[in-house]
Amino acid sequence: MYGKGILEGLLVTLKHFFGTFIDDIRKGRKRYMTDEGVEYRRSKDVKGIFTVQYPEERLPTPENFRFVPFLVYDEKEDGTNEIRCTSCGICAKVCPPQCIWIEQTTNPKTGRPVPEPVKFFIDIDICMNCGFCADFCPFDSIKMDHYYEMASFDRTKTNILDLTKLSKPASYHAEIHPIHFAREEEIRRVKEQKREERRLAKEQRLNKFKSE
Amino acid sequence: MAEKNKITVPDELKSTVAVTDIQEVFDGNLIEKAYNWGRRNSVWPMFFGLACCAIEMISTAASRFDLSRFGMEVMRPSPRQSDLLIISGTVTKKMLPAIVRLYNQMPEPKYVIAMGACASGGGPFKEGYNVIAGIDKYLPVDVYVPGCPPTPQALLFGLMKLQEKIDNQKISETSWYDKENAGDPIPIPVLGPDIMDPKDFDKIRKQAKG
Amino acid sequence: MNEIAVVKSELEIRFPDAVRKDDREGFQGYIVEKESLVEVATALRDDFGYDYLTSVTGVDYIEEDILEAVYHFYRSTGGKELVLHVQTPRNNPVIPSLYKIFHGVDFQEREAWDLIGIKFEGHPDLRRILLWEGFNGHPLQKDWKEAFYVEEKKPFDNRWPEGKIQQIEELNKFGKNVRYPENFHDPESWKPEHEDLLYAGLLDLAEKTGSGLETDHVVINMGPQHPSTHGVFRMAVVVDGETITALKPVMGYLHRNHEKIGERNTYIQNIPYTDRLDYISSLSNNFGYAMAVEKLLGYTNEIPERAEYLRVIMAELTRISNHLWAIGFLLNDLGAYFTPSLYAIQERELILDIFEEVTGARMMNNYHRFGGVAKDILPDAMKKIENLVLDRLPRKVDELDKYLTKSELLQSRTEGVGVLTPEDAINMCAVGPVLRASGVPYDVRRADPYSIYDRFDFDVAVRYHGDTYDRYLIRMDEIHQSLRILQQALKDIPEGPILLRNPYNIKAPKGEAYGRVEGPKGELGFYIVSDGTSNPYRYHVRSPSFINLTGLEKMCVGQKVADVVVILGSIDIILGEVDR
Ligand code: SF4
Ligand code: SF4
Ligand code: SF4
């Protein structure tokens with residue numbers, strides 16, 4: 001019969017249309033504005049309405065999510081902040097569109113480079129959110145942010161990130177990347193432990209040497 | 001007095017209530033409020049995709065993020081019927097004359113959103129020989145949305161920024177009712193040995209002579 | 001001796017003067033004297049069975065003062081490649097065109113002319129293709145410098161340790177990424193000429209194919225801003241009434257200088273750039289590029305088992321999401337305004353959720369590395385993939401099938417529209433679904449197996465009418481086949497490491513490599529020449545969308561105007577890949 005295919009197709013649309021209401025009745029108020037509701041709407045069973053109503057509801061950002069990079073600083077017990085970056089320059093070298101600028105200084109007395117950047121810029125109008133800087137940084141000091149609400153009226157003021165805008169505390173890093181943070185801390189702990197052991201062993205040897 | 005007449009609105013209804021203070025009605029701000037409220041909730045973007053960001057723009061319009069919640073679902077392919085030009089991707093020299101022409105054809109009031117790194121400042125392809133380092137060198141841009149690509153939610157945030165901008169515009173100051181200063185159309189660049197902006201012709205001539 | 005070796009020795013016997021082995025370090029194939037190129041190519045096609053010339057490109061060897069054209073021949077029945085190199089002096093770069101023998105070289109020769117400056121003698125319409133007529137110079141020549149030139153190679157020295165931030169436009173006099181040649185005088189007297197040439201060629205064609213009646217030819221320009229062109233693509237169409245008598249695609253509106261930037265980049269820096277080629281299916285682009293470089297580095301057999309599985313899983317998910325998108329927008333072009341595409345995008349969103357969770361981004365995944373992949377799929381995400389692949393997608397694809405396939409409206413708009421015969425398809429180097437819908441069962445995954453595709457049990461989907469309806473159906477079929485592969489891969493995936501090694505700077509040994517994968521749009525190839533440093537000397541993308549467009553004219557002439565949109569939709573182009 002001519003037109004049968006169309007009718008069958010229309011039935012599919014109809015099913016989609018009623019799916020929302022059936023689901024609404026079944027789930028009640030829990031369906032909207034709750035985490036559970038959002039989770040349901042991205043699960044395999046979702047029927048009917050699919051919309052996540054930003055800004056009231058948000059899709060959760062997965063841990064691996066990357067937007068623009070930020071620099072991590074550690075909050076010391078004495079209240080000072082210590083930026084982890086040593087201005088080694090690896091991120092600037094690996095960055096594909098070359099949007100990282102790092103200024104390094106040398107200590108006038110020793111002539112050796114100071115392990116801290118004087119200036120650090122990322123131009124997010126060039127950055128391609130690739131995550132290479134975070135992947136290759138050997139000191140876990142640059143990470144990819146989850147914060148994406150960055151629209152602005154004037155890009156000259158907001159879109160070149162400098163050291164102040166880039167720096168975020170390690171606690172923030174721990175909050176958005178719990179798994180990675182735990183892994184990094186573990187590695188660091190093991191390293192510290194090894195160093196400590198080595199130091200102790202050395203001391204012992206020295207003591208032994210002295211006592212002899 | 002002002003405090004007394006103020007109506008407290010619960011947060012989730014803020015976006016739907018235009019007037020919260022009776023005083024505003026007496027001040028004559030109501031027309032402006034209504035005018036802006038009408039405009040902010042019926043911004044029609046142009047159905048115009050340039051590059052990768054366009055895919056995210058389409059995703060934003062599709063069912064998961066659903067632009068129609070903002071009254072923006074009517075994507076018009078014709079510039080004559082649209083209010084908002086979303087520059088969604090890399091602007092190349094070859095495409096630039098067409099974009100400027102499209103912009104000139106849009107009726108006032110018109111807005112431009114530079115979506116993504118490419119449209120704002122050149123993006124990862126900035127160094128390329130056929131890429132324009134930011135559409136704002138040619139068109140006035142209202143909102144910049146960084147990201148490569150901005151996720152649909154980031155774009156939605158940009159659109160909300162635009163609504164904020166519309167909210168703050170005053171009828172008395174807008175340029176589009178001003179017959180004298182309506183503004184000239186933007187000169188359309190020419191494809192020569194490289195792109196040539198008519199505004200630059202003098203400079204080019206000088207350089208060629210010197 | 002295997003078959004290819006036989007062919008090779010026979011080729012040498014038959015053309016003793018014209019053909020010699022390419023004995024440069026790391027190179028393969030033959031160097032052919034340009035005078036006898038046409039003869040050799042004809043012999044290859046007719047006598048040796050190499051009837052499928054997929055890639056033509058050029059390389060500028062500035063030190064030897066030559067330009068070289070590189071041809072990759074294949075058999076349409078499958079097998080490895082045969083590479084020909086043809087050299088020509090830089091000051092007079094002329095090479096005979098193969099247009100008469102392989103129509104598929106049409107756009108590729110134009111591209112090589114445009115970007116490298118090799119003149120192909122005998123090409124009927126050798127205009128610039130990606131840039132515009134009148135552009136100054138050939139940008140991929142090694143001594144051509146762009147307006148924002150900083151340094152020959154990345155990483156640039158001015159970024160570290162004295163990274164004084166600056167906008168590169170400030171280096172340029174005009175501040176706008178512009179450069180004018182020395183002898184350019186007056187912008188006012190400049191006459192744009194590019195359009196005239198295009199229209200002249202078009203009207204010529206129209207004369208040939210027209211009805212013979214004395215009617216006016218009307219030229220319609222569809223695009224670059226047209227809702228149906230999937231981006232900034234333009235078709236100049238000549239119509240006689242409603243019937244199309246000639247058509248020429250005009251592209252380059254999204255030419256982002258991928259190859260020039262790619263040659264400045266280091267090897268690893270190119271990975272995120274490949275994401276932006278075919279931005280609907282980033283993961284297969286990554287795959288192709290990683291394979292090509294791995295060939296160069298000699299990693300091919302060392303890649304960890306689990307990494308291979310992860311690559312396949314991601315590539316097949318990409319194929320599904322791409323085909324869903326393509327089907328949705330094909331229906332959009334047919335006038336089913338948005339409902340089918342919304343249904344398709346819904347499933348795509350769920351796949352993108354997985355990509356986001358695993359790779360970190362919805363679209364620009366940047367997932368592959370040389371010798372593995374960047375991130376593992378954690379059990380959580382694996383569960384999601386399983387849910388999707390085993391439960392939801394089969395259900396939803398069937399639903400889409402029920403919704404669309406039998407619809408009489410769809411059938412009457414697409415059946416018999418835009419037919420491409422198998423001979424034409426091969427001759428025009430069509431690839432992917434376009435080729436297979438014409439009845440040629442050529443799929444790189446089977447014809448020249450890479451990665452671990454030889455382990456999976458799947459069929460190469462083929463349809464035989466070559467019309468738009470078949471191109472729609474073949475995408476449906478491929479979704480089913482991809483699901484089959486995924487089901488096997490999810491079952492078999494082993495535990496283990498996912499990455500061989502991951503230094504931030506890799507030096508590749510001298511030589512050339514051509515890596516190709518069967519992307520969702522067809523054969524996606526990367527041709528890389530290395531000079532032994534950490535930046536590729538030549539980096540070329542053989543993009544399926546671009547070359548599939550060669551057949552567009554053939555498919556459209558004789559059809560109605562309204563069908564052009566549908567035919568274009570059925571080829572499924574992505575402008576990022578067409579223009580690069
Ligand atoms: S790689 Fe890490 S430590 Fe080195 S300069 Fe970059 S952020 Fe600093
Ligand atoms: S995310 Fe990529 S493009 Fe952005 S700063 Fe890091 S390395 Fe550079
Ligand atoms: S900003 Fe990134 S995603 Fe957007 S168009 Fe540019 S390269 Fe593509």
# chains A, B, ... in the order shown; residues from 1 in each chain; ligands from 1

call {"tool": "interface_residues", "arguments": {"of": "chain A", "to": "chain B", "cutoff": "12 Å", "atoms": "only C-alpha atoms", "output": "ChimeraX atom specification"}}
result
/A:33,38,41-42,46,48-61,65-69,95-99,123-131,145-161

call {"tool": "interface_residues", "arguments": {"of": "chain C", "to": "chain A", "cutoff": "6 Å", "atoms": "only C-alpha atoms", "output": "MDAnalysis selection string"}}
result
chainID C and resid 155 159:163 165 269 357 360:361 392 403 406:408

call {"tool": "write_last_selection", "arguments": {"atoms": "all heavy atoms", "output": "compact mmCIF listing (two decimals), in the first residue's frame"}}
result
# COMPACT_ATOMS: atom_id res chain seq x y z
N PRO C 155 59.45 24.13 17.85
CA PRO C 155 58.97 25.23 18.69
C PRO C 155 59.71 26.54 18.40
O PRO C 155 60.90 26.54 18.12
CB PRO C 155 59.28 24.74 20.10
CG PRO C 155 60.33 23.72 19.95
CD PRO C 155 60.14 23.09 18.63
N ARG C 159 59.23 31.91 22.48
CA ARG C 159 58.21 31.58 23.48
C ARG C 159 58.84 31.30 24.85
O ARG C 159 58.21 31.47 25.88
CB ARG C 159 57.42 30.34 23.05
CG ARG C 159 56.69 30.50 21.75
CD ARG C 159 55.70 31.64 21.82
NE ARG C 159 54.64 31.52 20.84
CZ ARG C 159 54.63 32.13 19.66
NH1 ARG C 159 55.62 32.88 19.30
NH2 ARG C 159 53.61 31.98 18.84
N TRP C 160 60.05 30.87 24.86
CA TRP C 160 60.72 30.47 26.08
C TRP C 160 62.21 30.51 25.83
O TRP C 160 62.64 30.16 24.75
CB TRP C 160 60.29 29.06 26.46
CG TRP C 160 60.96 28.53 27.68
CD1 TRP C 160 60.56 28.69 28.97
CD2 TRP C 160 62.15 27.76 27.73
NE1 TRP C 160 61.43 28.08 29.82
CE2 TRP C 160 62.42 27.49 29.08
CE3 TRP C 160 63.05 27.28 26.78
CZ2 TRP C 160 63.53 26.76 29.49
CZ3 TRP C 160 64.16 26.56 27.18
CH2 TRP C 160 64.38 26.29 28.54
N PRO C 161 63.08 30.92 26.69
CA PRO C 161 62.83 31.39 28.06
C PRO C 161 62.51 32.87 28.15
O PRO C 161 62.27 33.35 29.25
CB PRO C 161 64.15 31.09 28.75
CG PRO C 161 65.17 31.13 27.68
CD PRO C 161 64.50 30.77 26.42
N GLU C 162 62.54 33.60 27.03
CA GLU C 162 62.21 35.01 27.14
C GLU C 162 60.92 35.27 26.40
O GLU C 162 60.90 35.90 25.36
CB GLU C 162 63.33 35.87 26.58
CG GLU C 162 64.41 36.13 27.58
CD GLU C 162 65.68 36.53 26.87
OE1 GLU C 162 65.61 37.42 26.03
OE2 GLU C 162 66.73 35.92 27.15
N GLY C 163 59.86 34.73 26.95
CA GLY C 163 58.59 34.82 26.25
C GLY C 163 57.88 36.13 26.46
O GLY C 163 56.98 36.25 27.27
N ILE C 165 55.19 38.35 25.56
CA ILE C 165 53.98 38.08 24.80
C ILE C 165 53.74 39.15 23.76
O ILE C 165 53.99 40.33 23.98
CB ILE C 165 52.74 37.94 25.70
CG1 ILE C 165 51.58 37.48 24.85
CG2 ILE C 165 52.43 39.22 26.43
CD1 ILE C 165 50.42 36.94 25.60
N GLN C 269 52.82 17.57 17.46
CA GLN C 269 51.93 18.72 17.44
C GLN C 269 50.85 18.61 16.38
O GLN C 269 49.85 19.31 16.44
CB GLN C 269 52.74 19.99 17.20
CG GLN C 269 53.48 20.46 18.43
CD GLN C 269 54.40 21.61 18.15
OE1 GLN C 269 54.73 21.87 17.01
NE2 GLN C 269 54.84 22.28 19.18
N GLU C 357 34.14 11.48 28.22
CA GLU C 357 34.61 10.84 29.43
C GLU C 357 35.98 10.20 29.22
O GLU C 357 36.84 10.25 30.10
CB GLU C 357 33.59 9.79 29.86
CG GLU C 357 33.82 9.31 31.27
CD GLU C 357 32.62 8.56 31.80
OE1 GLU C 357 31.49 8.88 31.39
OE2 GLU C 357 32.82 7.65 32.61
N GLY C 360 38.33 13.38 26.91
CA GLY C 360 38.39 14.71 27.49
C GLY C 360 37.68 15.77 26.68
O GLY C 360 37.55 16.89 27.14
N ALA C 361 37.28 15.45 25.47
CA ALA C 361 36.57 16.47 24.70
C ALA C 361 35.51 15.79 23.85
O ALA C 361 35.64 14.63 23.49
CB ALA C 361 37.53 17.24 23.81
N ARG C 392 21.30 -0.03 23.51
CA ARG C 392 20.56 1.10 22.97
C ARG C 392 20.71 1.28 21.46
O ARG C 392 19.72 1.42 20.75
CB ARG C 392 21.00 2.38 23.67
CG ARG C 392 20.18 3.55 23.17
CD ARG C 392 20.41 4.79 23.95
NE ARG C 392 19.75 5.89 23.28
CZ ARG C 392 18.59 6.40 23.69
NH1 ARG C 392 17.98 5.91 24.72
NH2 ARG C 392 18.05 7.40 23.02
N TYR C 403 11.61 4.21 10.76
CA TYR C 403 11.11 5.56 10.55
C TYR C 403 11.34 6.03 9.12
O TYR C 403 10.49 6.68 8.52
CB TYR C 403 11.83 6.47 11.55
CG TYR C 403 11.49 7.92 11.52
CD1 TYR C 403 10.21 8.35 11.19
CD2 TYR C 403 12.44 8.88 11.85
CE1 TYR C 403 9.91 9.69 11.16
CE2 TYR C 403 12.14 10.21 11.83
CZ TYR C 403 10.87 10.62 11.49
OH TYR C 403 10.58 11.95 11.47
N LYS C 406 11.59 2.84 4.73
CA LYS C 406 10.46 2.46 3.89
C LYS C 406 9.63 3.66 3.45
O LYS C 406 8.69 3.51 2.70
CB LYS C 406 9.57 1.47 4.65
CG LYS C 406 10.20 0.11 4.85
CD LYS C 406 9.96 -0.76 3.62
CE LYS C 406 10.82 -2.00 3.63
NZ LYS C 406 10.74 -2.75 4.87
N SER C 407 9.96 4.81 3.97
CA SER C 407 9.13 5.97 3.68
C SER C 407 9.09 6.26 2.19
O SER C 407 10.12 6.41 1.54
CB SER C 407 9.66 7.18 4.43
OG SER C 407 8.98 8.32 4.00
N GLU C 408 7.88 6.32 1.65
CA GLU C 408 7.75 6.52 0.20
C GLU C 408 8.30 7.86 -0.24
O GLU C 408 8.80 8.00 -1.35
CB GLU C 408 6.28 6.41 -0.22
CG GLU C 408 5.75 5.00 -0.27
CD GLU C 408 5.29 4.52 1.09
OE1 GLU C 408 5.44 5.28 2.06
OE2 GLU C 408 4.81 3.39 1.18

call {"tool": "residues_around", "arguments": {"residues": "segment 130-146 of chain C", "least_positions_apart": "5", "cutoff": "7 Å", "atoms": "only C-alpha atoms", "output": "MDAnalysis selection string"}}
result
(chainID B and resid 128:129 192:194) or (chainID C and resid 60 62 111 114:117 181 193:194 251:252 255 260 579)

call {"tool": "write_last_selection", "arguments": {"atoms": "N, CA, C and O atoms", "output": "mmCIF file, in the first residue's frame"}}
result
data_model
loop_
_atom_site.group_PDB
_atom_site.id
_atom_site.type_symbol
_atom_site.label_atom_id
_atom_site.label_comp_id
_atom_site.auth_asym_id
_atom_site.auth_seq_id
_atom_site.Cartn_x
_atom_site.Cartn_y
_atom_site.Cartn_z
ATOM 1 N N GLY B 128 48.266 30.729 9.765
ATOM 2 C CA GLY B 128 48.067 30.339 8.376
ATOM 3 C C GLY B 128 47.938 31.521 7.436
ATOM 4 O O GLY B 128 47.550 32.608 7.846
ATOM 5 N N TYR B 129 48.254 31.285 6.172
ATOM 6 C CA TYR B 129 48.259 32.393 5.214
ATOM 7 C C TYR B 129 46.876 32.757 4.719
ATOM 8 O O TYR B 129 46.683 33.743 4.058
ATOM 9 N N GLY B 192 42.666 40.330 -3.693
ATOM 10 C CA GLY B 192 43.719 40.678 -4.636
ATOM 11 C C GLY B 192 44.823 39.654 -4.567
ATOM 12 O O GLY B 192 44.552 38.479 -4.388
ATOM 13 N N PRO B 193 46.078 40.073 -4.641
ATOM 14 C CA PRO B 193 47.182 39.150 -4.399
ATOM 15 C C PRO B 193 47.111 38.626 -2.967
ATOM 16 O O PRO B 193 47.622 37.578 -2.653
ATOM 17 N N ASP B 194 46.468 39.405 -2.120
ATOM 18 C CA ASP B 194 46.132 38.990 -0.779
ATOM 19 C C ASP B 194 44.832 39.714 -0.497
ATOM 20 O O ASP B 194 44.335 40.430 -1.361
ATOM 21 N N ASP C 60 58.119 19.718 -2.674
ATOM 22 C CA ASP C 60 59.105 20.673 -3.132
ATOM 23 C C ASP C 60 60.452 20.327 -2.501
ATOM 24 O O ASP C 60 60.637 20.530 -1.305
ATOM 25 N N ILE C 62 63.653 21.637 -2.305
ATOM 26 C CA ILE C 62 64.286 22.888 -2.722
ATOM 27 C C ILE C 62 65.793 22.722 -2.856
ATOM 28 O O ILE C 62 66.421 23.338 -3.702
ATOM 29 N N GLU C 111 44.955 21.016 -7.065
ATOM 30 C CA GLU C 111 45.474 21.378 -5.754
ATOM 31 C C GLU C 111 47.000 21.476 -5.784
ATOM 32 O O GLU C 111 47.594 22.399 -5.229
ATOM 33 N N ASP C 114 47.913 24.610 -7.370
ATOM 34 C CA ASP C 114 47.613 25.753 -6.529
ATOM 35 C C ASP C 114 48.651 25.917 -5.418
ATOM 36 O O ASP C 114 49.193 26.998 -5.211
ATOM 37 N N LEU C 115 48.931 24.823 -4.729
ATOM 38 C CA LEU C 115 49.750 24.951 -3.530
ATOM 39 C C LEU C 115 51.238 24.761 -3.783
ATOM 40 O O LEU C 115 52.060 25.342 -3.111
ATOM 41 N N ILE C 116 51.587 23.891 -4.730
ATOM 42 C CA ILE C 116 53.007 23.617 -4.945
ATOM 43 C C ILE C 116 53.508 24.256 -6.234
ATOM 44 O O ILE C 116 54.684 24.552 -6.364
ATOM 45 N N GLY C 117 52.612 24.439 -7.180
ATOM 46 C CA GLY C 117 53.026 25.102 -8.401
ATOM 47 C C GLY C 117 53.503 24.178 -9.501
ATOM 48 O O GLY C 117 54.280 24.591 -10.349
ATOM 49 N N PRO C 181 52.700 41.567 -2.651
ATOM 50 C CA PRO C 181 53.986 41.378 -3.329
ATOM 51 C C PRO C 181 54.662 42.714 -3.589
ATOM 52 O O PRO C 181 54.021 43.763 -3.589
ATOM 53 N N GLU C 193 39.804 38.343 -11.421
ATOM 54 C CA GLU C 193 39.574 37.611 -12.664
ATOM 55 C C GLU C 193 39.044 36.213 -12.411
ATOM 56 O O GLU C 193 38.662 35.521 -13.335
ATOM 57 N N HIS C 194 39.050 35.810 -11.128
ATOM 58 C CA HIS C 194 38.803 34.384 -10.912
ATOM 59 C C HIS C 194 37.418 33.941 -11.337
ATOM 60 O O HIS C 194 37.236 32.857 -11.816
ATOM 61 N N MET C 251 35.621 25.584 -4.031
ATOM 62 C CA MET C 251 35.905 25.369 -2.609
ATOM 63 C C MET C 251 37.083 26.214 -2.159
ATOM 64 O O MET C 251 37.564 27.050 -2.889
ATOM 65 N N GLY C 252 37.494 25.951 -0.977
ATOM 66 C CA GLY C 252 38.603 26.733 -0.434
ATOM 67 C C GLY C 252 38.124 27.784 0.545
ATOM 68 O O GLY C 252 38.925 28.541 1.071
ATOM 69 N N HIS C 255 39.814 26.945 3.683
ATOM 70 C CA HIS C 255 41.192 26.488 3.544
ATOM 71 C C HIS C 255 42.009 27.068 4.683
ATOM 72 O O HIS C 255 42.285 28.255 4.707
ATOM 73 N N LYS C 260 50.589 23.559 5.408
ATOM 74 C CA LYS C 260 51.704 24.473 5.691
ATOM 75 C C LYS C 260 51.988 24.485 7.199
ATOM 76 O O LYS C 260 53.137 24.388 7.623
ATOM 77 N N ASP C 579 38.589 21.339 2.346
ATOM 78 C CA ASP C 579 39.489 22.466 2.114
ATOM 79 C C ASP C 579 40.789 22.377 2.898
ATOM 80 O O ASP C 579 41.785 22.924 2.486
#

call {"tool": "interface_residues", "arguments": {"of": "chain C", "to": "chain B", "cutoff": "7 Å", "atoms": "only C-alpha atoms", "output": "number ranges by chain"}}
result
C: 134-136, 146-148, 176-180, 182, 184-187, 190, 192, 225, 227, 231-232, 253-257, 261, 276, 279, 342, 346, 576

call {"tool": "write_last_selection", "arguments": {"atoms": "C-alpha atoms", "output": "short mmCIF file (atom, residue, chain, number, x, y, z; two decimals), in the first residue's frame"}}
result
data_model
loop_
_atom_site.label_atom_id
_atom_site.label_comp_id
_atom_site.auth_asym_id
_atom_site.auth_seq_id
_atom_site.Cartn_x
_atom_site.Cartn_y
_atom_site.Cartn_z
CA GLY C 134 45.37 36.00 -8.61
CA PHE C 135 46.81 34.90 -5.29
CA ASN C 136 50.45 35.63 -4.99
CA GLU C 146 53.23 33.57 5.11
CA ALA C 147 52.40 36.99 6.52
CA PHE C 148 52.77 35.88 10.13
CA LYS C 176 45.61 41.84 9.42
CA ASN C 177 47.55 38.84 8.27
CA VAL C 178 48.14 40.45 4.94
CA ARG C 179 51.11 40.64 2.65
CA TYR C 180 51.35 42.21 -0.76
CA GLU C 182 56.75 43.84 -3.99
CA PHE C 184 51.98 45.44 -6.44
CA HIS C 185 50.94 49.00 -7.12
CA ASP C 186 47.41 50.13 -7.00
CA PRO C 187 44.62 48.26 -5.28
CA TRP C 190 43.10 45.52 -9.48
CA PRO C 192 39.46 40.23 -9.95
CA GLN C 225 26.34 30.62 2.47
CA PRO C 227 21.84 26.11 4.32
CA GLY C 231 29.27 24.59 5.55
CA VAL C 232 30.97 26.99 3.26
CA TYR C 253 36.33 28.84 1.74
CA LEU C 254 37.64 26.94 4.71
CA HIS C 255 41.19 26.49 3.54
CA ARG C 256 43.04 26.68 6.84
CA ASN C 257 46.52 25.92 5.60
CA ILE C 261 51.12 24.58 9.43
CA ARG C 276 40.11 19.51 12.94
CA TYR C 279 35.64 17.38 12.67
CA LEU C 342 17.29 15.47 15.95
CA GLN C 346 20.39 12.37 20.18
CA GLY C 576 37.21 21.01 7.13
#

call {"tool": "select_by_dssp", "arguments": {"residues": "segment 19-177 of chain B", "states": "strand (DSSP E or B)", "output": "compact mmCIF listing (two decimals) with C-alpha atoms, in the first residue's frame"}}
result
# COMPACT_ATOMS: atom_id res chain seq x y z
CA ASP B 21 9.46 47.31 41.21
CA PRO B 45 20.41 33.50 14.84
CA MET B 46 21.48 33.01 11.28
CA ARG B 76 17.12 31.61 9.55
CA LEU B 84 22.32 37.43 15.36
CA LEU B 85 25.32 36.34 13.38
CA ILE B 86 27.21 33.58 15.12
CA ILE B 87 30.66 33.42 13.57
CA SER B 88 31.11 29.77 14.27
CA THR B 92 39.34 32.63 5.95
CA TYR B 111 24.50 41.31 17.00
CA VAL B 112 27.61 39.29 16.38
CA ILE B 113 28.94 36.48 18.52
CA ALA B 114 32.45 35.29 17.89
CA MET B 115 32.24 31.63 18.77
CA VAL B 131 43.20 32.79 7.96
CA VAL B 143 30.26 38.64 22.74
CA TYR B 144 33.33 36.46 22.57
CA VAL B 145 33.00 32.83 23.53

call {"tool": "residues_around", "arguments": {"residues": "Val460 of chain C", "least_positions_apart": "6", "cutoff": "8 Å", "atoms": "only C-alpha atoms", "output": "list of chain:residue names"}}
result
C:Pro441, C:Tyr442, C:Asp443, C:Arg446, C:Glu478, C:Gln481

call {"tool": "decode", "arguments": {"residues": "segment 410-423 of chain C", "atoms": "N, CA and C atoms", "output": "PDB file, in the first residue's frame"}}
result
ATOM      1  N   LEU C 410      10.887   9.430   0.991  1.00  0.00           N
ATOM      2  CA  LEU C 410      12.330   9.300   0.865  1.00  0.00           C
ATOM      3  C   LEU C 410      12.675   8.545  -0.413  1.00  0.00           C
ATOM      4  N   GLN C 411      11.964   7.463  -0.636  1.00  0.00           N
ATOM      5  CA  GLN C 411      12.281   6.651  -1.807  1.00  0.00           C
ATOM      6  C   GLN C 411      12.094   7.430  -3.090  1.00  0.00           C
ATOM      7  N   SER C 412      10.974   8.148  -3.190  1.00  0.00           N
ATOM      8  CA  SER C 412      10.733   8.804  -4.466  1.00  0.00           C
ATOM      9  C   SER C 412      11.687   9.976  -4.685  1.00  0.00           C
ATOM     10  N   ARG C 413      12.215  10.538  -3.617  1.00  0.00           N
ATOM     11  CA  ARG C 413      13.165  11.622  -3.822  1.00  0.00           C
ATOM     12  C   ARG C 413      14.574  11.114  -4.132  1.00  0.00           C
ATOM     13  N   THR C 414      14.878   9.879  -3.736  1.00  0.00           N
ATOM     14  CA  THR C 414      16.270   9.455  -3.843  1.00  0.00           C
ATOM     15  C   THR C 414      16.522   8.325  -4.836  1.00  0.00           C
ATOM     16  N   GLU C 415      15.533   7.522  -5.114  1.00  0.00           N
ATOM     17  CA  GLU C 415      15.810   6.383  -5.996  1.00  0.00           C
ATOM     18  C   GLU C 415      16.093   6.856  -7.416  1.00  0.00           C
ATOM     19  N   GLY C 416      17.199   6.398  -7.938  1.00  0.00           N
ATOM     20  CA  GLY C 416      17.564   6.771  -9.300  1.00  0.00           C
ATOM     21  C   GLY C 416      18.136   8.169  -9.433  1.00  0.00           C
ATOM     22  N   VAL C 417      18.345   8.833  -8.318  1.00  0.00           N
ATOM     23  CA  VAL C 417      18.889  10.192  -8.375  1.00  0.00           C
ATOM     24  C   VAL C 417      20.399  10.153  -8.141  1.00  0.00           C
ATOM     25  N   GLY C 418      21.123  10.822  -9.013  1.00  0.00           N
ATOM     26  CA  GLY C 418      22.565  10.948  -8.811  1.00  0.00           C
ATOM     27  C   GLY C 418      23.305   9.630  -8.943  1.00  0.00           C
ATOM     28  N   VAL C 419      23.079   8.946 -10.052  1.00  0.00           N
ATOM     29  CA  VAL C 419      23.694   7.620 -10.206  1.00  0.00           C
ATOM     30  C   VAL C 419      25.161   7.749 -10.588  1.00  0.00           C
ATOM     31  N   LEU C 420      25.981   6.931  -9.965  1.00  0.00           N
ATOM     32  CA  LEU C 420      27.399   6.850 -10.304  1.00  0.00           C
ATOM     33  C   LEU C 420      27.689   5.383 -10.621  1.00  0.00           C
ATOM     34  N   THR C 421      28.129   5.131 -11.837  1.00  0.00           N
ATOM     35  CA  THR C 421      28.385   3.737 -12.209  1.00  0.00           C
ATOM     36  C   THR C 421      29.689   3.264 -11.573  1.00  0.00           C
ATOM     37  N   PRO C 422      29.852   1.940 -11.422  1.00  0.00           N
ATOM     38  CA  PRO C 422      31.083   1.447 -10.795  1.00  0.00           C
ATOM     39  C   PRO C 422      32.333   1.863 -11.550  1.00  0.00           C
ATOM     40  N   GLU C 423      32.271   1.842 -12.903  1.00  0.00           N
ATOM     41  CA  GLU C 423      33.463   2.224 -13.670  1.00  0.00           C
ATOM     42  C   GLU C 423      33.836   3.665 -13.369  1.00  0.00           C
TER      43      GLU C 423
END
